[in-house]
Every structure is written in structure tokens, then in C-alpha cells.
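Peer 1: So I've got this file, final_12.tsv, and it contains TSV, C-alpha atoms and all ligand atoms:
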```tsv
chain	number	residue	atom	x	y	z
C	1	MET	CA	-19.34	14.18	-10.27
C	2	LYS	CA	-16.73	11.45	-10.04
C	3	GLU	CA	-17.14	8.70	-7.52
C	4	ARG	CA	-14.71	8.88	-4.62
C	5	VAL	CA	-11.87	6.46	-3.89
C	6	PHE	CA	-9.87	6.30	-0.68
C	7	SER	CA	-6.85	4.20	0.10
C	8	GLY	CA	-4.06	4.31	2.62
C	9	MET	CA	-0.63	2.90	3.21
C	10	ARG	CA	1.32	2.69	6.43
C	11	PRO	CA	4.66	4.53	6.36
C	12	THR	CA	7.00	1.55	6.46
C	13	GLY	CA	9.86	3.19	4.55
C	14	LYS	CA	11.05	2.70	1.00
C	15	LEU	CA	8.53	0.82	-1.14
C	16	HIS	CA	9.43	-2.21	-3.23
C	17	LEU	CA	8.37	-3.87	-6.47
C	18	GLY	CA	5.61	-5.72	-4.64
C	19	HIS	CA	4.02	-2.38	-3.69
C	20	LEU	CA	4.43	-1.14	-7.25
C	21	ALA	CA	2.73	-4.14	-8.86
C	22	GLY	CA	0.26	-4.78	-6.04
C	23	ALA	CA	-1.03	-1.30	-5.33
C	24	LEU	CA	0.57	1.71	-6.97
C	25	THR	CA	0.06	0.76	-10.61
C	26	ASN	CA	-3.62	0.36	-9.84
C	27	TRP	CA	-3.83	3.60	-7.84
C	28	VAL	CA	-2.26	5.48	-10.75
C	29	LYS	CA	-4.94	4.14	-13.12
C	30	LEU	CA	-7.76	5.06	-10.75
C	31	GLN	CA	-6.80	8.74	-10.56
C	32	ASP	CA	-8.22	9.34	-14.06
C	33	ASP	CA	-11.66	7.91	-13.35
C	34	TYR	CA	-12.28	8.74	-9.68
C	35	GLU	CA	-11.77	11.54	-7.21
C	36	CYS	CA	-8.96	9.84	-5.31
C	37	PHE	CA	-7.68	10.46	-1.80
C	38	TYR	CA	-4.47	8.66	-0.94
C	39	SER	CA	-3.20	8.90	2.60
C	40	ILE	CA	-0.02	7.94	4.40
C	41	VAL	CA	-1.57	6.63	7.57
C	42	ASP	CA	0.90	7.60	10.28
C	43	TRP	CA	-1.58	7.09	13.15
C	44	HIS	CA	-1.94	3.49	12.00
C	45	ALA	CA	1.85	3.15	12.08
C	46	LEU	CA	1.93	4.48	15.63
C	47	MET	CA	-0.50	1.76	16.72
C	48	SER	CA	2.27	-0.80	16.34
C	49	GLU	CA	5.36	1.46	16.57
C	50	TYR	CA	4.41	3.56	19.61
C	51	ALA	CA	7.48	2.44	21.55
C	52	ASP	CA	9.80	3.72	18.84
C	53	SER	CA	8.07	6.46	16.89
C	54	LYS	CA	11.22	8.21	15.67
C	55	GLN	CA	11.25	6.52	12.25
C	56	ILE	CA	7.69	7.39	11.28
C	57	LYS	CA	8.43	10.87	9.94
C	58	ALA	CA	11.31	9.78	7.70
C	59	ASN	CA	9.29	6.78	6.54
C	60	CYS	CA	6.41	9.05	5.52
C	61	ARG	CA	8.79	11.01	3.33
C	62	GLU	CA	10.09	7.86	1.64
C	63	VAL	CA	6.56	6.69	0.87
C	64	ILE	CA	5.55	10.07	-0.56
C	65	LEU	CA	8.65	10.11	-2.76
C	66	ASP	CA	7.87	6.62	-4.06
C	67	TRP	CA	4.23	7.53	-4.68
C	68	LEU	CA	5.07	10.63	-6.69
C	69	ALA	CA	7.88	8.84	-8.53
C	70	SER	CA	5.55	5.99	-9.48
C	71	GLY	CA	3.05	8.32	-11.09
C	72	LEU	CA	0.56	9.51	-8.51
C	73	ASP	CA	-0.18	12.97	-9.85
C	74	PRO	CA	-1.03	15.67	-7.31
C	75	GLU	CA	-2.99	17.47	-10.05
C	76	LYS	CA	-5.31	14.48	-10.31
C	77	CYS	CA	-5.47	13.08	-6.79
C	78	SER	CA	-5.10	14.29	-3.21
C	79	ILE	CA	-2.06	13.00	-1.35
C	80	PHE	CA	-1.81	13.70	2.35
C	81	VAL	CA	-0.55	12.54	5.72
C	82	GLN	CA	-3.34	11.22	7.92
C	83	SER	CA	-2.37	13.07	11.11
C	84	MET	CA	-2.43	16.40	9.25
C	85	VAL	CA	-6.21	16.02	9.00
C	86	PRO	CA	-7.30	15.85	12.66
C	87	GLN	CA	-10.83	14.74	11.75
C	88	HIS	CA	-9.42	11.20	11.35
C	89	ALA	CA	-8.83	11.09	15.10
C	90	GLU	CA	-12.22	12.62	15.81
C	91	ILE	CA	-14.22	10.19	13.69
C	92	HIS	CA	-12.25	7.31	15.17
C	93	LEU	CA	-13.53	8.38	18.59
C	94	ALA	CA	-17.10	8.67	17.32
C	95	PHE	CA	-16.98	5.22	15.71
C	96	SER	CA	-15.41	3.65	18.79
C	97	MET	CA	-18.67	4.45	20.63
C	98	VAL	CA	-20.75	2.14	18.43
C	99	THR	CA	-18.24	-0.64	17.67
C	100	PRO	CA	-18.86	-3.75	19.77
C	101	LEU	CA	-15.69	-5.23	21.25
C	102	GLY	CA	-16.58	-8.64	19.87
C	103	TRP	CA	-16.31	-7.43	16.27
C	104	LEU	CA	-12.73	-6.34	16.90
C	105	GLU	CA	-11.71	-9.37	18.95
C	106	ARG	CA	-13.00	-11.68	16.22
C	107	CYS	CA	-11.13	-9.87	13.43
C	108	PRO	CA	-8.79	-12.41	11.79
C	109	THR	CA	-5.96	-9.91	11.18
C	110	TYR	CA	-6.02	-8.97	14.86
C	111	LYS	CA	-5.91	-12.56	16.10
C	112	ASP	CA	-3.17	-13.32	13.62
C	113	GLN	CA	-0.93	-10.41	14.59
C	114	ILE	CA	-1.39	-10.86	18.33
C	115	LYS	CA	-0.28	-14.46	17.88
C	116	ASN	CA	2.60	-13.93	15.46
C	117	ILE	CA	4.23	-10.63	16.39
C	118	GLN	CA	6.53	-11.24	19.33
C	119	ASN	CA	8.94	-8.31	19.28
C	120	LYS	CA	6.40	-5.65	20.30
C	121	ASP	CA	3.52	-5.48	22.73
C	122	LEU	CA	0.38	-5.15	20.64
C	123	GLY	CA	-1.90	-5.78	23.58
C	124	THR	CA	-3.06	-2.17	23.60
C	125	TYR	CA	-6.47	-0.57	23.46
C	126	ALA	CA	-5.54	1.26	20.24
C	127	PHE	CA	-4.23	-1.76	18.38
C	128	LEU	CA	-7.49	-3.62	18.96
C	129	GLY	CA	-9.21	-0.62	17.37
C	130	TYR	CA	-7.05	-0.56	14.23
C	131	PRO	CA	-10.07	-1.33	11.99
C	132	VAL	CA	-12.09	1.46	13.65
C	133	LEU	CA	-9.51	4.04	12.58
C	134	MET	CA	-9.47	2.51	9.10
C	135	ALA	CA	-13.27	2.72	8.89
C	136	GLY	CA	-12.93	6.37	9.88
C	137	ASP	CA	-10.38	7.00	7.10
C	138	ILE	CA	-12.74	5.69	4.46
C	139	LEU	CA	-16.06	6.99	5.74
C	140	LEU	CA	-14.76	10.50	6.48
C	141	TYR	CA	-14.66	10.89	2.68
C	142	LYS	CA	-17.77	8.77	2.06
C	143	ALA	CA	-15.62	6.87	-0.40
C	144	GLY	CA	-17.60	4.48	-2.57
C	145	ARG	CA	-14.62	2.35	-3.49
C	146	VAL	CA	-11.51	1.26	-1.68
C	147	PRO	CA	-8.67	-0.39	-3.62
C	148	VAL	CA	-6.98	-2.89	-1.33
C	149	GLY	CA	-5.47	-6.35	-1.45
C	150	GLU	CA	-7.23	-9.47	-0.21
C	151	ASP	CA	-5.53	-9.11	3.21
C	152	GLN	CA	-7.68	-6.04	3.92
C	153	SER	CA	-11.11	-7.49	3.09
C	154	ALA	CA	-11.97	-8.26	6.71
C	155	HIS	CA	-11.29	-4.60	7.55
C	156	LEU	CA	-13.54	-3.46	4.72
C	157	GLU	CA	-16.32	-5.74	5.94
C	158	LEU	CA	-15.97	-4.18	9.40
C	159	THR	CA	-16.06	-0.72	7.82
C	160	ARG	CA	-19.43	-1.53	6.26
C	161	GLU	CA	-20.71	-2.89	9.56
C	162	ILE	CA	-19.62	0.23	11.44
C	163	ALA	CA	-21.28	2.43	8.79
C	164	ARG	CA	-24.51	0.45	9.11
C	165	ARG	CA	-24.51	0.60	12.88
C	166	PHE	CA	-23.77	4.32	12.99
C	167	ASN	CA	-26.53	4.97	10.46
C	168	TYR	CA	-28.91	2.82	12.51
C	169	PHE	CA	-28.39	4.95	15.64
C	170	TYR	CA	-28.03	8.42	14.14
C	171	GLY	CA	-29.55	8.43	10.67
C	172	PRO	CA	-28.29	7.69	7.17
C	173	ILE	CA	-24.99	9.51	6.82
C	174	PHE	CA	-22.55	6.96	5.51
C	175	PRO	CA	-22.59	4.89	2.31
C	176	GLU	CA	-21.26	1.34	2.54
C	177	PRO	CA	-18.01	1.31	0.59
C	178	GLU	CA	-17.20	-1.41	-1.89
C	179	THR	CA	-13.90	-3.25	-1.94
C	180	LEU	CA	-12.08	-2.70	-5.23
C	181	LEU	CA	-10.03	-5.83	-4.95
C	182	THR	CA	-6.59	-5.23	-6.41
C	183	PRO	CA	-5.29	-8.39	-7.99
C	184	THR	CA	-2.00	-8.88	-6.19
C	185	PRO	CA	0.43	-10.59	-8.51
C	186	LYS	CA	2.95	-12.88	-6.91
C	187	VAL	CA	6.21	-10.94	-6.53
C	188	PRO	CA	8.85	-13.00	-4.74
C	189	GLY	CA	11.89	-11.41	-3.12
C	190	THR	CA	15.52	-12.38	-3.58
C	191	ASP	CA	15.17	-15.46	-1.36
C	192	GLY	CA	12.07	-16.74	-3.17
C	193	ARG	CA	9.67	-15.87	-0.35
C	194	LYS	CA	7.02	-13.15	-0.79
C	195	MET	CA	8.74	-9.79	-1.16
C	196	SER	CA	8.57	-8.04	2.19
C	197	LYS	CA	10.60	-5.47	4.04
C	198	SER	CA	10.55	-7.62	7.16
C	199	TYR	CA	12.20	-10.52	5.30
C	200	GLY	CA	14.99	-8.27	4.03
C	201	ASN	CA	14.50	-9.68	0.53
C	202	SER	CA	13.16	-6.57	-1.22
C	203	LEU	CA	13.96	-5.03	-4.55
C	204	ASN	CA	13.09	-1.41	-3.85
C	205	ILE	CA	11.60	1.02	-6.33
C	206	SER	CA	14.52	3.31	-5.49
C	207	GLU	CA	17.10	0.51	-5.61
C	208	ASP	CA	20.39	1.61	-7.10
C	209	LEU	CA	20.41	-0.09	-10.50
C	210	LYS	CA	23.86	-1.63	-10.05
C	211	GLU	CA	22.71	-3.02	-6.73
C	212	LEU	CA	19.51	-4.26	-8.37
C	213	TRP	CA	21.52	-6.24	-10.90
C	214	GLU	CA	23.71	-7.65	-8.13
C	215	LYS	CA	20.62	-8.80	-6.24
C	216	LEU	CA	19.07	-10.33	-9.37
C	217	ARG	CA	22.32	-11.97	-10.42
C	218	THR	CA	22.64	-13.82	-7.14
C	219	MET	CA	18.94	-14.58	-6.77
C	220	LYS	CA	17.72	-18.14	-6.34
C	221	THR	CA	16.17	-19.83	-9.37
C	222	ASP	CA	14.74	-23.32	-9.90
C	223	PRO	CA	16.50	-25.26	-7.10
C	224	GLN	CA	16.60	-28.40	-9.29
C	225	ARG	CA	18.67	-26.60	-11.90
C	226	GLU	CA	22.12	-26.90	-10.36
C	227	ARG	CA	24.22	-26.81	-13.50
C	228	ARG	CA	23.97	-24.92	-16.75
C	229	LYS	CA	23.30	-28.14	-18.66
C	230	ASP	CA	20.36	-29.12	-16.41
C	231	PRO	CA	16.98	-28.26	-17.90
C	232	GLY	CA	15.01	-25.82	-15.73
C	233	ASN	CA	11.39	-25.36	-14.80
C	234	PRO	CA	10.11	-21.76	-14.91
C	235	ASP	CA	6.96	-22.82	-13.03
C	236	VAL	CA	8.96	-23.12	-9.81
C	237	CYS	CA	11.42	-20.28	-10.46
C	238	PRO	CA	11.05	-17.04	-8.45
C	239	VAL	CA	12.92	-15.06	-11.12
C	240	TRP	CA	10.32	-16.24	-13.61
C	241	ASP	CA	7.52	-15.01	-11.32
C	242	ILE	CA	9.06	-11.55	-11.56
C	243	HIS	CA	9.28	-11.88	-15.37
C	244	LYS	CA	5.56	-12.64	-15.42
C	245	VAL	CA	4.79	-9.38	-13.65
C	246	PHE	CA	7.34	-6.99	-15.11
C	247	ASN	CA	8.28	-8.30	-18.56
C	248	PRO	CA	5.73	-7.09	-21.11
C	249	ASP	CA	7.47	-8.78	-24.08
C	250	MET	CA	5.39	-11.91	-24.78
C	251	GLU	CA	7.61	-13.15	-27.59
C	252	GLU	CA	10.72	-12.91	-25.48
C	253	LYS	CA	9.00	-14.71	-22.61
C	254	VAL	CA	8.04	-17.61	-24.90
C	255	LYS	CA	11.68	-17.90	-25.98
C	256	LEU	CA	13.09	-17.70	-22.48
C	257	ASP	CA	10.60	-20.26	-21.19
C	258	ALA	CA	11.49	-22.73	-23.92
C	259	GLY	CA	15.21	-22.00	-23.57
C	260	CYS	CA	15.11	-22.67	-19.83
C	261	ARG	CA	13.19	-25.95	-20.20
C	262	ALA	CA	15.60	-27.21	-22.87
C	263	ALA	CA	18.74	-25.95	-21.07
C	264	GLY	CA	19.31	-23.81	-24.15
C	265	ILE	CA	19.89	-20.71	-22.03
C	266	GLY	CA	21.41	-20.21	-18.60
C	267	CYS	CA	19.88	-18.39	-15.65
C	268	ILE	CA	22.14	-15.38	-16.14
C	269	GLU	CA	20.80	-14.81	-19.64
C	270	CYS	CA	17.25	-14.92	-18.33
C	271	LYS	CA	18.12	-12.57	-15.46
C	272	LYS	CA	19.79	-10.13	-17.86
C	273	ALA	CA	16.61	-9.97	-19.90
C	274	LEU	CA	14.59	-9.28	-16.77
C	275	TYR	CA	17.06	-6.66	-15.61
C	276	GLY	CA	16.65	-4.85	-18.94
C	277	HIS	CA	12.91	-4.55	-18.41
C	278	LEU	CA	13.27	-3.43	-14.81
C	279	GLU	CA	15.86	-0.86	-15.81
C	280	ARG	CA	13.52	0.55	-18.46
C	281	LEU	CA	10.67	0.69	-15.95
C	282	LEU	CA	12.63	2.13	-13.04
C	283	GLU	CA	14.88	4.69	-14.73
C	284	PRO	CA	12.16	7.31	-15.30
C	285	ILE	CA	10.64	6.54	-11.90
C	286	GLN	CA	13.97	7.08	-10.16
C	287	ARG	CA	14.60	10.26	-12.13
C	288	LYS	CA	11.32	11.64	-10.88
C	289	ARG	CA	12.14	10.54	-7.35
C	290	ARG	CA	15.45	12.39	-7.44
C	291	HIS	CA	13.64	15.51	-8.60
C	292	PHE	CA	11.39	15.50	-5.53
C	293	GLU	CA	14.27	14.53	-3.23
C	294	GLN	CA	15.92	17.77	-4.33
C	295	HIS	CA	12.77	19.89	-4.15
C	296	GLU	CA	11.57	19.56	-0.59
C	297	ASP	CA	9.46	22.71	-1.03
C	298	GLU	CA	7.43	21.15	-3.87
C	299	LEU	CA	6.86	18.05	-1.82
C	300	ASN	CA	5.60	20.08	1.12
C	301	ASP	CA	3.30	22.11	-1.15
C	302	ILE	CA	1.81	18.91	-2.54
C	303	LEU	CA	1.10	17.57	0.94
C	304	ARG	CA	-0.33	20.86	2.14
C	305	ALA	CA	-2.64	21.10	-0.88
C	306	GLY	CA	-3.68	17.45	-0.47
C	307	ALA	CA	-4.41	17.86	3.23
C	308	GLY	CA	-6.35	21.05	2.46
C	309	ARG	CA	-8.66	19.30	0.02
C	310	ALA	CA	-9.05	16.37	2.40
C	311	LYS	CA	-9.88	18.69	5.28
C	312	THR	CA	-12.62	20.44	3.33
C	313	VAL	CA	-14.44	17.12	2.88
C	314	ALA	CA	-13.60	15.88	6.37
C	315	GLU	CA	-14.92	18.99	8.09
C	316	ARG	CA	-18.21	18.73	6.24
C	317	THR	CA	-18.63	15.08	7.26
C	318	MET	CA	-17.80	15.81	10.89
C	319	GLU	CA	-20.37	18.58	10.99
C	320	GLU	CA	-22.98	16.07	9.86
C	321	VAL	CA	-21.78	13.55	12.43
C	322	VAL	CA	-21.93	16.02	15.30
C	323	ALA	CA	-25.37	17.22	14.23
C	324	ALA	CA	-26.68	13.66	13.90
C	325	ILE	CA	-25.42	12.71	17.35
C	326	GLY	CA	-26.96	15.93	18.66
C	327	PHE	CA	-24.07	17.52	20.49
C	328	PHE	CA	-24.36	21.09	21.78
C	329	ARG	CA	-23.32	23.65	19.21
J	401	LIG	N1	-4.70	-1.19	6.85
J	401	LIG	C1	-4.16	-0.85	5.56
J	401	LIG	C2	-2.90	-1.70	5.31
J	401	LIG	O1	-2.26	-2.12	6.24
J	401	LIG	C3	-3.80	0.61	5.47
J	401	LIG	C4	-4.99	1.49	5.57
J	401	LIG	C5	-5.31	2.32	6.60
J	401	LIG	C6	-6.03	1.63	4.61
J	401	LIG	N2	-6.45	2.98	6.35
J	401	LIG	C7	-6.92	2.58	5.14
J	401	LIG	C8	-6.28	1.04	3.36
J	401	LIG	C9	-8.08	2.93	4.45
J	401	LIG	C10	-7.43	1.40	2.69
J	401	LIG	C11	-8.33	2.34	3.23
J	401	LIG	O2	-2.58	-1.92	4.17
```
For the file at hand, write its structure as C-alpha cells.
Peer 2:
Amino acid sequence: MKERVFSGMRPTGKLHLGHLAGALTNWVKLQDDYECFYSIVDWHALMSEYADSKQIKANCREVILDWLASGLDPEKCSIFVQSMVPQHAEIHLAFSMVTPLGWLERCPTYKDQIKNIQNKDLGTYAFLGYPVLMAGDILLYKAGRVPVGEDQSAHLELTREIARRFNYFYGPIFPEPETLLTPTPKVPGTDGRKMSKSYGNSLNISEDLKELWEKLRTMKTDPQRERRKDPGNPDVCPVWDIHKVFNPDMEEKVKLDAGCRAAGIGCIECKKALYGHLERLLEPIQRKRRHFEQHEDELNDILRAGAGRAKTVAERTMEEVVAAIGFFR
């Protein structure tokens, strides 16, 4: 029996190279060694997008396309949309009974978002409970490991605390999941800041390759290197950060690094080299994406099968939960 892995992603729309390097590459590796459940968490999206929910459906589709294109294999893992497995909502309710308000109010991601997000009202009951739904996602499958980035560790800690508290009241049902910390390589966007949809600086997995070159070509480099004859410093160059993540050719990197420092090469030459590697990486991914774009039926079958497998596990867990609480049956 393989150990179980669960992870989720909010449907934010087309995924970018940061998602690919930071999560998907790792998820693809895990599907060989674990029984993986990967969910597009649309209820989580609704917690912040409730006032304008119209985009969620289309965004789910984009995420699924990017997942399949990037190598998540529905023969090896279960891919599903969270709201298609209603037990997520049910376990969220059960966990909300035992979660002290203070745990949620003290959560650093909550405090941070309440302070920083101005364009929507996140002062809702549900948004405070975001980590409760996340704990439900994971524990519904009794997942032993959860691959996430550092930004999610507080949520994982809360998940363990909720599991412990539920077990304390009702008996030992839930294991305490371990964080499988995904090393998140630094992937800057076109403006040099962290690649993020909200900054509008993304290089998408599905980016048209001509457009990708245009974005790379005009991307900022070492700000001190104003002219071709100025020596550059790769250590402060955002294009170089992308090389480090996506260029597997060590020899070439040594040459480019030295060439930049000695003003032996220009930025365009370095960007062309990077573009070549990205093109090689993305071409097969985009081909696969187009296949699923044109085969809606296959996509729906994959999601239905994924949700079916998820539901089998989820129903079993909820039966245990209901029995442990002692509800009438
Ligand atoms: N909160 C996670 C994020 O924003 C998404 C998520 C929801 C998740 N449920 C999960 C991740 C369960 C791991 C496990 O990235």
C-alpha cells in the first residue's frame, strides 16, 4: 500500500512558470511513489471571490489543462474538482465545531491578507475558516504527506492541531499529516518581482512562444548594465534567475556567466539561450494542452473518474466521523 499524498491549488486561471517549477514538477514526481489526490479547490476560491464567482468555472478548466499538460497522469493520480466531492463541505462543518476561534484569528496568513487585500471584503465567517476547509481536504483522505510551499506551513500546523483535537474528543481517526516542503526556486516575472498573476508579470505555461520571446527580449536584466560594453552581474539579474531554474546545460551556464561578467556577450544572446531551453520544455507541454483543449470529453472523463475515486475514500472517512461523533443513523 502506497502512502497517500494530497495537495490542492486554487483555480486562479492559467498557470505560469513559477507554478511549474514550484509545484507541478514536484507533483509529477510524487505520482510514481504515492497514491496522489490533486484537487482544484473551487470552494477555497469562492471564499475570496464570492462577490464575483463567474470566473471560477473557466479558471478550473485552465488549471486542469495546465496540470495535464505538465505531466499529471490521470492513470497514476486522481485529479478532481473539490466541490464535486461534497464530503469536503461536510467535514469542514464537522471540524468547525472543534476549532477554537483564537487559532484562526492568530493565523499569520489570515492577519496578512486582512491587512493587505483592499479590493474585496474578506471580513467573512468563511474566510476566517479557510484553514479549516484546508484541514478537511487533507484529512478526508488521511493523507500522510502534503506537498506545499513554505507559505502554507502555518495551515499545515493548524491541520495537525485540528486532527489532534478531533481525535481527543471523538477517538483516534485522523493521522497528523507531514509537510512535504517543496523547495520553491526563485522565479522572477518580467519586471523582476516574484512571478505572480496579480503583478501581471507572468510567463504562462501556455504562453504563445512568439509572445514568450517578446516578453523575454524586453525583460529587465542587471540594472547596472546599461550598455553592451558594460560588464554585467548575473547575481542581480532576473533573467539569470530563470536560467538557474530552467536551463539544465551547466557548461553553457558557465560560459554565459563568464561572458556576462566580462561584457563578452550581450543580454540578447543570453536571453536567446534561455528562450531555446524554454521552447524545448514548453513545446511538448503545449502540444499536450492543445490535445485536451480539443477533447473536452476526455477532460470530463478524467475529472469524473478522479472525483469517483476521491468520493470512495471520502465517504468511508465521513462514515467513521459520523459514527465517532455518535449521530443517529
Ligand atoms: N491553501 C492552498 C494554497 O493557497 C491551497 C489548498 C487548499 C491546499 N487545500 C489544500 C494545499 C490542501 C494543500 C493541501 O496554495
Peer 1: Within 6 Å of C:Val5, counting only C-alpha atoms, which residues qualify if same-chain residues fewer than 6 places away don't, as JSON, numbers by chain?
Peer 2: {"C": [36, 143, 145, 146]}
Peer 1: Which residues come within 12 Å of stretch 224-233 of chain C, counting all atoms listed in the file, excluding same-chain residues fewer than 2 positions away, as a PDB file with C-alpha atoms, in the frame of the given file?
Peer 2:
```pdb
ATOM      1  CA  LYS C 220      17.720 -18.140  -6.340  1.00  0.00           C
ATOM      2  CA  THR C 221      16.170 -19.830  -9.370  1.00  0.00           C
ATOM      3  CA  ASP C 222      14.740 -23.320  -9.900  1.00  0.00           C
ATOM      4  CA  ASP C 235       6.960 -22.820 -13.030  1.00  0.00           C
ATOM      5  CA  VAL C 236       8.960 -23.120  -9.810  1.00  0.00           C
ATOM      6  CA  CYS C 237      11.420 -20.280 -10.460  1.00  0.00           C
ATOM      7  CA  PRO C 238      11.050 -17.040  -8.450  1.00  0.00           C
ATOM      8  CA  VAL C 239      12.920 -15.060 -11.120  1.00  0.00           C
ATOM      9  CA  TRP C 240      10.320 -16.240 -13.610  1.00  0.00           C
ATOM     10  CA  ASP C 241       7.520 -15.010 -11.320  1.00  0.00           C
ATOM     11  CA  LEU C 256      13.090 -17.700 -22.480  1.00  0.00           C
ATOM     12  CA  ASP C 257      10.600 -20.260 -21.190  1.00  0.00           C
ATOM     13  CA  ALA C 258      11.490 -22.730 -23.920  1.00  0.00           C
ATOM     14  CA  GLY C 259      15.210 -22.000 -23.570  1.00  0.00           C
ATOM     15  CA  CYS C 260      15.110 -22.670 -19.830  1.00  0.00           C
ATOM     16  CA  ARG C 261      13.190 -25.950 -20.200  1.00  0.00           C
ATOM     17  CA  ALA C 262      15.600 -27.210 -22.870  1.00  0.00           C
ATOM     18  CA  ALA C 263      18.740 -25.950 -21.070  1.00  0.00           C
ATOM     19  CA  GLY C 264      19.310 -23.810 -24.150  1.00  0.00           C
ATOM     20  CA  ILE C 265      19.890 -20.710 -22.030  1.00  0.00           C
ATOM     21  CA  GLY C 266      21.410 -20.210 -18.600  1.00  0.00           C
ATOM     22  CA  CYS C 267      19.880 -18.390 -15.650  1.00  0.00           C
ATOM     23  CA  ILE C 268      22.140 -15.380 -16.140  1.00  0.00           C
ATOM     24  CA  GLU C 269      20.800 -14.810 -19.640  1.00  0.00           C
ATOM     25  CA  CYS C 270      17.250 -14.920 -18.330  1.00  0.00           C
TER      26      CYS C 270
END
```
Peer 1: Report, in Å with one decimal, the straight-line distance from atom CA of C:His16 to atom CA of C:Met195.
Peer 2: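 Separating atom CA of C:His16 from atom CA of C:Met195 is a distance of 7.9 Å.
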Peer 1: For C:Gly129, which residue out of C:Thr179, C:Thr99, C:Asn167, C:Ser39 is the nearest one, using only C-alpha atoms?
Peer 2: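 Looking at the shortest contact to C:Gly129, the residue is C:Thr99.
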Peer 1: Compute the set of protein, DNA and RNA residues whose minimum atom distance to ligand LIG 401 (chain J) is at most 7 Å, using only C-alpha atoms and all ligand atoms, and state it as a PDB file with C-alpha atoms, in the coordinates of the input.
Peer 2:
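The result, written out as pocket24.pdb:
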```pdb
ATOM      1  CA  PHE C   6      -9.870   6.300  -0.680  1.00  0.00           C
ATOM      2  CA  SER C   7      -6.850   4.200   0.100  1.00  0.00           C
ATOM      3  CA  GLY C   8      -4.060   4.310   2.620  1.00  0.00           C
ATOM      4  CA  MET C   9      -0.630   2.900   3.210  1.00  0.00           C
ATOM      5  CA  ARG C  10       1.320   2.690   6.430  1.00  0.00           C
ATOM      6  CA  VAL C  41      -1.570   6.630   7.570  1.00  0.00           C
ATOM      7  CA  HIS C  44      -1.940   3.490  12.000  1.00  0.00           C
ATOM      8  CA  MET C 134      -9.470   2.510   9.100  1.00  0.00           C
ATOM      9  CA  ALA C 135     -13.270   2.720   8.890  1.00  0.00           C
ATOM     10  CA  ASP C 137     -10.380   7.000   7.100  1.00  0.00           C
ATOM     11  CA  ILE C 138     -12.740   5.690   4.460  1.00  0.00           C
ATOM     12  CA  VAL C 146     -11.510   1.260  -1.680  1.00  0.00           C
ATOM     13  CA  PRO C 147      -8.670  -0.390  -3.620  1.00  0.00           C
ATOM     14  CA  VAL C 148      -6.980  -2.890  -1.330  1.00  0.00           C
ATOM     15  CA  GLN C 152      -7.680  -6.040   3.920  1.00  0.00           C
TER      16      GLN C 152
END
```
Peer 1: Could you name the residues that touch C:Pro188 at 12 Å or less, counting all atoms listed in the file, but leaving out those on the same chain fewer than 3 positions away, as a tab-separated table (two decimals) with C-alpha atoms, keeping the file's coordinate frame?
Peer 2:
```tsv
chain	number	residue	atom	x	y	z
C	16	HIS	CA	9.43	-2.21	-3.23
C	17	LEU	CA	8.37	-3.87	-6.47
C	18	GLY	CA	5.61	-5.72	-4.64
C	19	HIS	CA	4.02	-2.38	-3.69
C	21	ALA	CA	2.73	-4.14	-8.86
C	22	GLY	CA	0.26	-4.78	-6.04
C	184	THR	CA	-2.00	-8.88	-6.19
C	185	PRO	CA	0.43	-10.59	-8.51
C	191	ASP	CA	15.17	-15.46	-1.36
C	192	GLY	CA	12.07	-16.74	-3.17
C	193	ARG	CA	9.67	-15.87	-0.35
C	194	LYS	CA	7.02	-13.15	-0.79
C	195	MET	CA	8.74	-9.79	-1.16
C	196	SER	CA	8.57	-8.04	2.19
C	197	LYS	CA	10.60	-5.47	4.04
C	199	TYR	CA	12.20	-10.52	5.30
C	200	GLY	CA	14.99	-8.27	4.03
C	201	ASN	CA	14.50	-9.68	0.53
C	202	SER	CA	13.16	-6.57	-1.22
C	203	LEU	CA	13.96	-5.03	-4.55
C	216	LEU	CA	19.07	-10.33	-9.37
C	219	MET	CA	18.94	-14.58	-6.77
C	220	LYS	CA	17.72	-18.14	-6.34
C	221	THR	CA	16.17	-19.83	-9.37
C	236	VAL	CA	8.96	-23.12	-9.81
C	237	CYS	CA	11.42	-20.28	-10.46
C	238	PRO	CA	11.05	-17.04	-8.45
C	239	VAL	CA	12.92	-15.06	-11.12
C	240	TRP	CA	10.32	-16.24	-13.61
C	241	ASP	CA	7.52	-15.01	-11.32
C	242	ILE	CA	9.06	-11.55	-11.56
C	243	HIS	CA	9.28	-11.88	-15.37
C	244	LYS	CA	5.56	-12.64	-15.42
C	245	VAL	CA	4.79	-9.38	-13.65
```
Peer 1: Measuring atom to atom with only C-alpha atoms, identify which of C:Lys186, C:Glu176, C:Ala273, C:Asp33 is nearest to C:Asp249.
Peer 2: C:Ala273
Peer 1: Near C:Gly306, counting all atoms listed in the file, which residues have an atom at most 8 Å away, once you skip same-chain residues fewer than 3 positions from it, shown as a PyMOL selection string?
Peer 2: chain C and resi 74+77-80+302-303+309-310
Peer 1: Include C-alpha atoms and write out the residues we just selected as an mmCIF file, keeping the file's coordinate frame.
Peer 2:
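File produced: again.cif:
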```cif
data_model
loop_
_atom_site.group_PDB
_atom_site.id
_atom_site.type_symbol
_atom_site.label_atom_id
_atom_site.label_comp_id
_atom_site.auth_asym_id
_atom_site.auth_seq_id
_atom_site.Cartn_x
_atom_site.Cartn_y
_atom_site.Cartn_z
ATOM 1 C CA PRO C 74 -1.030 15.670 -7.310
ATOM 2 C CA CYS C 77 -5.470 13.080 -6.790
ATOM 3 C CA SER C 78 -5.100 14.290 -3.210
ATOM 4 C CA ILE C 79 -2.060 13.000 -1.350
ATOM 5 C CA PHE C 80 -1.810 13.700 2.350
ATOM 6 C CA ILE C 302 1.810 18.910 -2.540
ATOM 7 C CA LEU C 303 1.100 17.570 0.940
ATOM 8 C CA ARG C 309 -8.660 19.300 0.020
ATOM 9 C CA ALA C 310 -9.050 16.370 2.400
#
```
Peer 1: What's the 10 Å shell around C:Lys142, counting only C-alpha atoms, without same-chain residues fewer than 2 positions away, as an NGL selection string?
Peer 2: :C and (3-6 or 136-140 or 144-145 or 163 or 173-177 or 313-314 or 317)
